[in-house]
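Trainee: Input final_0.pdb, format and content: PDB, C-alpha atoms, pLDDT in the B column.
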```
ATOM      1  CA  MET A 108      43.693 182.706 -99.115  1.00 37.00           C
ATOM      2  CA  GLU A 109      43.372 185.906-101.156  1.00 45.00           C
ATOM      3  CA  THR A 110      39.942 186.748-102.461  1.00 45.00           C
ATOM      4  CA  SER A 111      39.299 188.362-105.814  1.00 62.00           C
ATOM      5  CA  ARG A 112      38.747 192.126-105.752  1.00 74.00           C
ATOM      6  CA  PRO A 113      36.006 193.651-107.874  1.00 87.00           C
ATOM      7  CA  VAL A 114      36.831 195.313-111.165  1.00 91.00           C
ATOM      8  CA  VAL A 115      34.958 198.548-111.802  1.00 93.00           C
ATOM      9  CA  VAL A 116      34.097 199.376-115.413  1.00 95.00           C
ATOM     10  CA  LYS A 117      33.140 203.001-115.991  1.00 95.00           C
ATOM     11  CA  ARG A 118      31.962 204.441-119.321  1.00 96.00           C
ATOM     12  CA  VAL A 119      33.782 207.678-120.140  1.00 96.00           C
ATOM     13  CA  PRO A 120      31.522 210.514-121.368  1.00 96.00           C
ATOM     14  CA  GLU A 121      31.469 211.700-124.971  1.00 96.00           C
ATOM     15  CA  ARG A 122      33.335 214.904-124.163  1.00 95.00           C
ATOM     16  CA  LEU A 123      36.375 215.061-121.898  1.00 93.00           C
ATOM     17  CA  ASN A 124      37.093 218.774-121.792  1.00 93.00           C
ATOM     18  CA  MET A 125      37.926 220.751-118.647  1.00 93.00           C
ATOM     19  CA  ARG A 126      34.410 220.786-117.161  1.00 94.00           C
ATOM     20  CA  GLN A 127      33.424 217.214-118.013  1.00 95.00           C
ATOM     21  CA  ALA A 128      36.832 215.811-117.026  1.00 95.00           C
ATOM     22  CA  ARG A 129      36.545 217.432-113.599  1.00 95.00           C
ATOM     23  CA  GLN A 130      32.991 216.114-113.158  1.00 96.00           C
ATOM     24  CA  PHE A 131      33.942 212.606-114.316  1.00 96.00           C
ATOM     25  CA  GLN A 132      36.948 212.545-111.981  1.00 95.00           C
ATOM     26  CA  GLN A 133      34.681 213.412-109.039  1.00 95.00           C
ATOM     27  CA  GLU A 134      32.370 210.540-110.022  1.00 95.00           C
ATOM     28  CA  VAL A 135      35.177 207.967-110.140  1.00 95.00           C
ATOM     29  CA  ARG A 136      37.236 209.239-107.191  1.00 94.00           C
ATOM     30  CA  PRO A 137      35.596 206.802-104.708  1.00 93.00           C
ATOM     31  CA  PHE A 138      36.680 203.831-106.849  1.00 92.00           C
ATOM     32  CA  PHE A 139      40.324 204.865-106.541  1.00 92.00           C
ATOM     33  CA  ARG A 140      40.171 205.260-102.761  1.00 90.00           C
ATOM     34  CA  SER A 141      39.962 201.533-102.113  1.00 88.00           C
ATOM     35  CA  ASP A 142      42.979 199.352-101.486  1.00 88.00           C
ATOM     36  CA  ARG A 143      44.446 198.121-104.803  1.00 92.00           C
ATOM     37  CA  PRO A 144      41.709 199.507-107.071  1.00 94.00           C
ATOM     38  CA  GLN A 145      41.040 197.738-110.353  1.00 94.00           C
ATOM     39  CA  VAL A 146      39.354 200.110-112.783  1.00 96.00           C
ATOM     40  CA  VAL A 147      38.585 199.980-116.510  1.00 96.00           C
ATOM     41  CA  PHE A 148      37.558 203.083-118.444  1.00 97.00           C
ATOM     42  CA  ASP A 149      35.396 202.230-121.465  1.00 97.00           C
ATOM     43  CA  MET A 150      36.345 204.922-124.009  1.00 97.00           C
ATOM     44  CA  ALA A 151      33.993 203.863-126.841  1.00 96.00           C
ATOM     45  CA  ALA A 152      31.808 206.988-126.640  1.00 95.00           C
ATOM     46  CA  VAL A 153      34.624 209.565-126.499  1.00 96.00           C
ATOM     47  CA  ARG A 154      34.349 212.093-129.329  1.00 96.00           C
ATOM     48  CA  GLN A 155      36.305 214.971-127.774  1.00 95.00           C
ATOM     49  CA  LEU A 156      39.447 214.541-125.701  1.00 95.00           C
ATOM     50  CA  ASP A 157      41.607 217.541-124.851  1.00 94.00           C
ATOM     51  CA  ALA A 158      44.541 218.237-122.512  1.00 95.00           C
ATOM     52  CA  ALA A 159      42.258 218.388-119.460  1.00 95.00           C
ATOM     53  CA  GLY A 160      40.876 214.952-120.315  1.00 96.00           C
ATOM     54  CA  ILE A 161      44.331 213.460-120.720  1.00 96.00           C
ATOM     55  CA  ASP A 162      45.438 215.070-117.467  1.00 96.00           C
ATOM     56  CA  MET A 163      42.425 213.516-115.724  1.00 96.00           C
ATOM     57  CA  LEU A 164      43.334 210.064-117.103  1.00 96.00           C
ATOM     58  CA  LEU A 165      46.902 210.484-115.852  1.00 96.00           C
ATOM     59  CA  GLN A 166      45.723 211.629-112.408  1.00 95.00           C
ATOM     60  CA  CYS A 167      43.444 208.606-112.128  1.00 95.00           C
ATOM     61  CA  MET A 168      46.282 206.298-113.158  1.00 95.00           C
ATOM     62  CA  ALA A 169      48.591 207.919-110.577  1.00 94.00           C
ATOM     63  CA  GLU A 170      45.972 207.527-107.834  1.00 94.00           C
ATOM     64  CA  ALA A 171      45.500 203.851-108.707  1.00 94.00           C
ATOM     65  CA  SER A 172      49.274 203.310-108.661  1.00 93.00           C
ATOM     66  CA  ARG A 173      49.632 205.007-105.264  1.00 94.00           C
ATOM     67  CA  ARG A 174      47.199 202.450-103.871  1.00 93.00           C
ATOM     68  CA  ASP A 175      48.896 199.516-105.621  1.00 91.00           C
ATOM     69  CA  GLY A 176      46.081 199.241-108.169  1.00 92.00           C
ATOM     70  CA  ASP A 177      45.668 199.771-111.882  1.00 94.00           C
ATOM     71  CA  LEU A 178      43.645 201.690-114.441  1.00 96.00           C
ATOM     72  CA  LYS A 179      43.181 200.154-117.879  1.00 96.00           C
ATOM     73  CA  LEU A 180      41.542 201.611-120.973  1.00 97.00           C
ATOM     74  CA  ALA A 181      39.216 199.733-123.318  1.00 96.00           C
ATOM     75  CA  SER A 182      37.277 200.213-126.555  1.00 96.00           C
ATOM     76  CA  LEU A 183      39.070 203.363-127.624  1.00 96.00           C
ATOM     77  CA  SER A 184      37.054 205.412-130.079  1.00 96.00           C
ATOM     78  CA  PRO A 185      39.032 206.383-133.198  1.00 96.00           C
ATOM     79  CA  HIS A 186      39.295 209.978-131.904  1.00 95.00           C
ATOM     80  CA  ALA A 187      40.558 208.892-128.477  1.00 96.00           C
ATOM     81  CA  ALA A 188      43.057 206.495-130.079  1.00 95.00           C
ATOM     82  CA  VAL A 189      44.509 209.247-132.280  1.00 96.00           C
ATOM     83  CA  VAL A 190      44.757 211.791-129.446  1.00 96.00           C
ATOM     84  CA  LEU A 191      46.386 209.304-127.081  1.00 96.00           C
ATOM     85  CA  GLU A 192      48.858 208.259-129.763  1.00 95.00           C
ATOM     86  CA  LEU A 193      49.719 211.827-130.813  1.00 95.00           C
ATOM     87  CA  THR A 194      50.367 212.768-127.181  1.00 95.00           C
ATOM     88  CA  ARG A 195      52.175 209.464-126.625  1.00 95.00           C
ATOM     89  CA  THR A 196      50.111 208.776-123.537  1.00 94.00           C
ATOM     90  CA  ASP A 197      48.945 205.519-125.136  1.00 94.00           C
ATOM     91  CA  ARG A 198      52.300 204.107-124.037  1.00 94.00           C
ATOM     92  CA  LEU A 199      51.439 204.661-120.380  1.00 94.00           C
ATOM     93  CA  PHE A 200      48.228 202.628-120.299  1.00 94.00           C
ATOM     94  CA  GLU A 201      47.284 199.042-120.909  1.00 94.00           C
ATOM     95  CA  ILE A 202      44.736 199.329-123.717  1.00 95.00           C
ATOM     96  CA  TYR A 203      42.292 196.563-124.584  1.00 95.00           C
ATOM     97  CA  GLU A 204      39.904 196.041-127.467  1.00 95.00           C
ATOM     98  CA  THR A 205      36.901 195.462-125.204  1.00 95.00           C
ATOM     99  CA  PRO A 206      36.050 196.102-121.543  1.00 94.00           C
ATOM    100  CA  THR A 207      35.647 192.338-121.104  1.00 93.00           C
ATOM    101  CA  ASP A 208      39.242 191.778-122.231  1.00 93.00           C
ATOM    102  CA  ALA A 209      40.425 194.465-119.812  1.00 93.00           C
ATOM    103  CA  VAL A 210      38.490 192.931-116.911  1.00 93.00           C
ATOM    104  CA  ARG A 211      39.902 189.497-117.710  1.00 91.00           C
ATOM    105  CA  SER A 212      43.440 190.884-117.698  1.00 90.00           C
ATOM    106  CA  PHE A 213      43.143 191.657-113.991  1.00 85.00           C
ATOM    107  CA  SER A 214      42.710 187.972-113.261  1.00 77.00           C
ATOM    108  CA  SER A 215      46.052 186.923-114.748  1.00 60.00           C
ATOM    109  CA  PHE A 216      47.322 186.262-111.233  1.00 53.00           C
ATOM    110  CA  LEU A 217      44.434 184.054-110.151  1.00 46.00           C
ATOM    111  CA  PRO A 218      45.290 180.554-108.989  1.00 44.00           C
ATOM    112  CA  ASN A 219      44.990 177.767-111.547  1.00 42.00           C
ATOM    113  CA  ALA A 220      42.040 176.302-109.624  1.00 39.00           C
ATOM    114  CA  VAL A 221      40.028 179.437-110.413  1.00 43.00           C
ATOM    115  CA  ARG A 222      41.154 179.591-114.041  1.00 42.00           C
ATOM    116  CA  GLN A 223      39.757 176.143-114.816  1.00 45.00           C
ATOM    117  CA  PHE A 224      36.259 177.515-114.192  1.00 47.00           C
ATOM    118  CA  TYR A 225      36.860 180.657-116.262  1.00 45.00           C
ATOM    119  CA  PRO A 226      38.765 179.739-119.429  1.00 48.00           C
ATOM    120  CA  GLY A 227      40.397 182.623-121.233  1.00 46.00           C
ATOM    121  CA  LEU A 228      41.173 184.637-118.116  1.00 43.00           C
ATOM    122  CA  GLY A 229      44.402 186.573-118.353  1.00 44.00           C
ATOM    123  CA  THR A 230      44.403 186.845-122.126  1.00 43.00           C
ATOM    124  CA  ALA A 231      46.729 189.382-123.693  1.00 42.00           C
ATOM    125  CA  PRO A 232      45.432 192.682-125.077  1.00 42.00           C
ATOM    126  CA  THR A 233      44.896 193.079-128.785  1.00 43.00           C
ATOM    127  CA  SER A 234      45.721 196.062-130.917  1.00 47.00           C
ATOM    128  CA  ALA A 235      42.915 195.745-133.461  1.00 44.00           C
ATOM    129  CA  TRP A 236      41.789 199.278-132.623  1.00 39.00           C
ATOM    130  CA  ARG A 237      44.950 200.571-134.285  1.00 43.00           C
ATOM    131  CA  SER A 238      43.519 199.587-137.663  1.00 47.00           C
ATOM    132  CA  ALA A 239      41.094 202.517-137.262  1.00 44.00           C
ATOM    133  CA  LEU A 240      43.990 204.983-137.172  1.00 43.00           C
ATOM    134  CA  PRO A 241      44.905 206.864-140.352  1.00 46.00           C
ATOM    135  CA  SER A 242      48.076 205.543-141.973  1.00 45.00           C
ATOM    136  CA  ALA A 243      49.718 208.969-141.569  1.00 43.00           C
ATOM    137  CA  VAL A 244      49.411 208.592-137.793  1.00 43.00           C
ATOM    138  CA  HIS A 245      50.074 204.864-137.655  1.00 45.00           C
ATOM    139  CA  PRO A 246      52.135 203.730-140.674  1.00 47.00           C
ATOM    140  CA  GLN A 247      51.781 200.222-142.032  1.00 51.00           C
ATOM    141  CA  VAL A 248      54.590 197.877-140.992  1.00 52.00           C
ATOM    142  CA  ASP A 249      55.471 194.580-142.656  1.00 54.00           C
ATOM    143  CA  PRO A 250      56.197 191.428-140.595  1.00 55.00           C
ATOM    144  CA  GLU A 251      59.905 192.294-140.527  1.00 57.00           C
ATOM    145  CA  GLY A 252      59.212 195.702-138.936  1.00 53.00           C
ATOM    146  CA  ASN A 253      59.836 197.854-142.027  1.00 55.00           C
ATOM    147  CA  GLU A 254      57.527 200.764-142.752  1.00 51.00           C
ATOM    148  CA  GLN A 255      55.554 200.403-145.978  1.00 55.00           C
ATOM    149  CA  ALA A 256      54.359 203.206-148.208  1.00 53.00           C
ATOM    150  CA  ALA A 257      50.636 203.928-147.973  1.00 47.00           C
TER     151      ALA A 257
END
```
Let me see the file written as structure tokens.

Mentor:
Amino acid sequence: METSRPVVVKRVPERLNMRQARQFQQEVRPFFRSDRPQVVFDMAAVRQLDAAGIDMLLQCMAEASRRDGDLKLASLSPHAAVVLELTRTDRLFEIYETPTDAVRSFSSFLPNAVRQFYPGLGTAPTSAWRSALPSAVHPQVDPEGNEQAA
């Protein structure tokens, strides 16, 4: 019988520039060294995200993938959401509205016997954070998929 692995939730610092990204990566490196790591980065506090920060996120994701694990992002600040969308790296990550939603998503493969004790496990991510994006970056789309004027 497979036991559940822990999910690590780590709050990302306010600034993810070269120095802070390197320091943060050193802090989280041990979490990615386990077999099949399950990590969530809480991005709510991020106010500055540059190329070094994005590179660090991609390196962490690659390390998790090499060990058959996953890195998920949660609670994107408006700044982080815009930067990830402009660089199109938002397409590479599973992004959740809250860290709790991200943690629950890891349990989507739990047996039904476990799910009955934890209703709501394995729920799909939401994209409510996109409403914080300016319409120039994220245009409004009607239910039929047509772009609407702002």

Trainee: Find the residues near stretch 120-126 of chain A: any atom within 7 Å, counting all atoms listed in the file, skip ones fewer than 2 places away on the same chain, and give them as a short mmCIF file (atom, residue, chain, number, x, y, z; two decimals) with C-alpha atoms, in the frame of the given file.

Mentor:
```
data_model
loop_
_atom_site.label_atom_id
_atom_site.label_comp_id
_atom_site.auth_asym_id
_atom_site.auth_seq_id
_atom_site.Cartn_x
_atom_site.Cartn_y
_atom_site.Cartn_z
CA ARG A 118 31.96 204.44 -119.32
CA ALA A 128 36.83 215.81 -117.03
CA ARG A 129 36.54 217.43 -113.60
CA GLN A 130 32.99 216.11 -113.16
CA ALA A 152 31.81 206.99 -126.64
CA VAL A 153 34.62 209.56 -126.50
CA ARG A 154 34.35 212.09 -129.33
CA GLN A 155 36.30 214.97 -127.77
CA LEU A 156 39.45 214.54 -125.70
CA ASP A 157 41.61 217.54 -124.85
CA ALA A 159 42.26 218.39 -119.46
CA GLY A 160 40.88 214.95 -120.32
#
```

Trainee: Which is closest to A:Thr205 among A:Gln145, A:Val116, A:Asp175, A:Phe139, if we use only C-alpha atoms?

Mentor: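 When distances to A:Thr205 are compared using only C-alpha atoms, the smallest one comes from A:Val116.
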
Trainee: Would you work out the distance separating atom CA of A:Val190 from atom CA of A:Glu134, expressed in Å to one decimal?

Mentor: 23.1 Å

Trainee: Go through A:Asp142, A:Gln132, A:Glu192, A:Thr207 one by one, measure the shortest atom-to-atom distance of each to A:Lys179 using only C-alpha atoms, and give the residue with the smallest value.

Mentor: A:Thr207

Trainee: For stretch 182-197 of chain A, take all atoms listed in the file, fit an axis-aligned box around them, add 6 Å to each of the six sides, then output centre and edge lengths in Å rounded to one decimal, as JSON.

Mentor:
```
{"center_x": 44.6, "center_y": 206.5, "center_z": -128.4, "size_x": 27.1, "size_y": 24.6, "size_z": 21.7}
```

Trainee: Translate the PyMOL selection byres ((chain A and resi 197) around 12) into a concrete residue list for this structure, as a ChimeraX atom specification.

Mentor: /A:161,164-165,179-181,183,187-196,198-203,234,237

Trainee: What is the atom CA of A:Arg174 to atom CA of A:Asp208 distance in Å?

Mentor: 22.7 Å

Trainee: Interatomic distance between atom CA of A:Ser141 and atom CA of A:Met163?

Mentor: 18.3 Å

Trainee: Go through A:Pro137, A:Ser214, A:Val114, A:Gln127 one by one, measure the shortest atom-to-atom distance of each to A:Cys167 using all atoms listed in the file, and give the residue with the smallest value.

Mentor: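 For A:Cys167, the nearest of the given residues is A:Pro137.
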
Trainee: Skip A:Ser182 itself and residues of its chain fewer than 2 positions away, then list as a ChimeraX atom specification all residues within 7 Å of it, counting only C-alpha atoms.

Mentor: /A:149-151,184,203-206
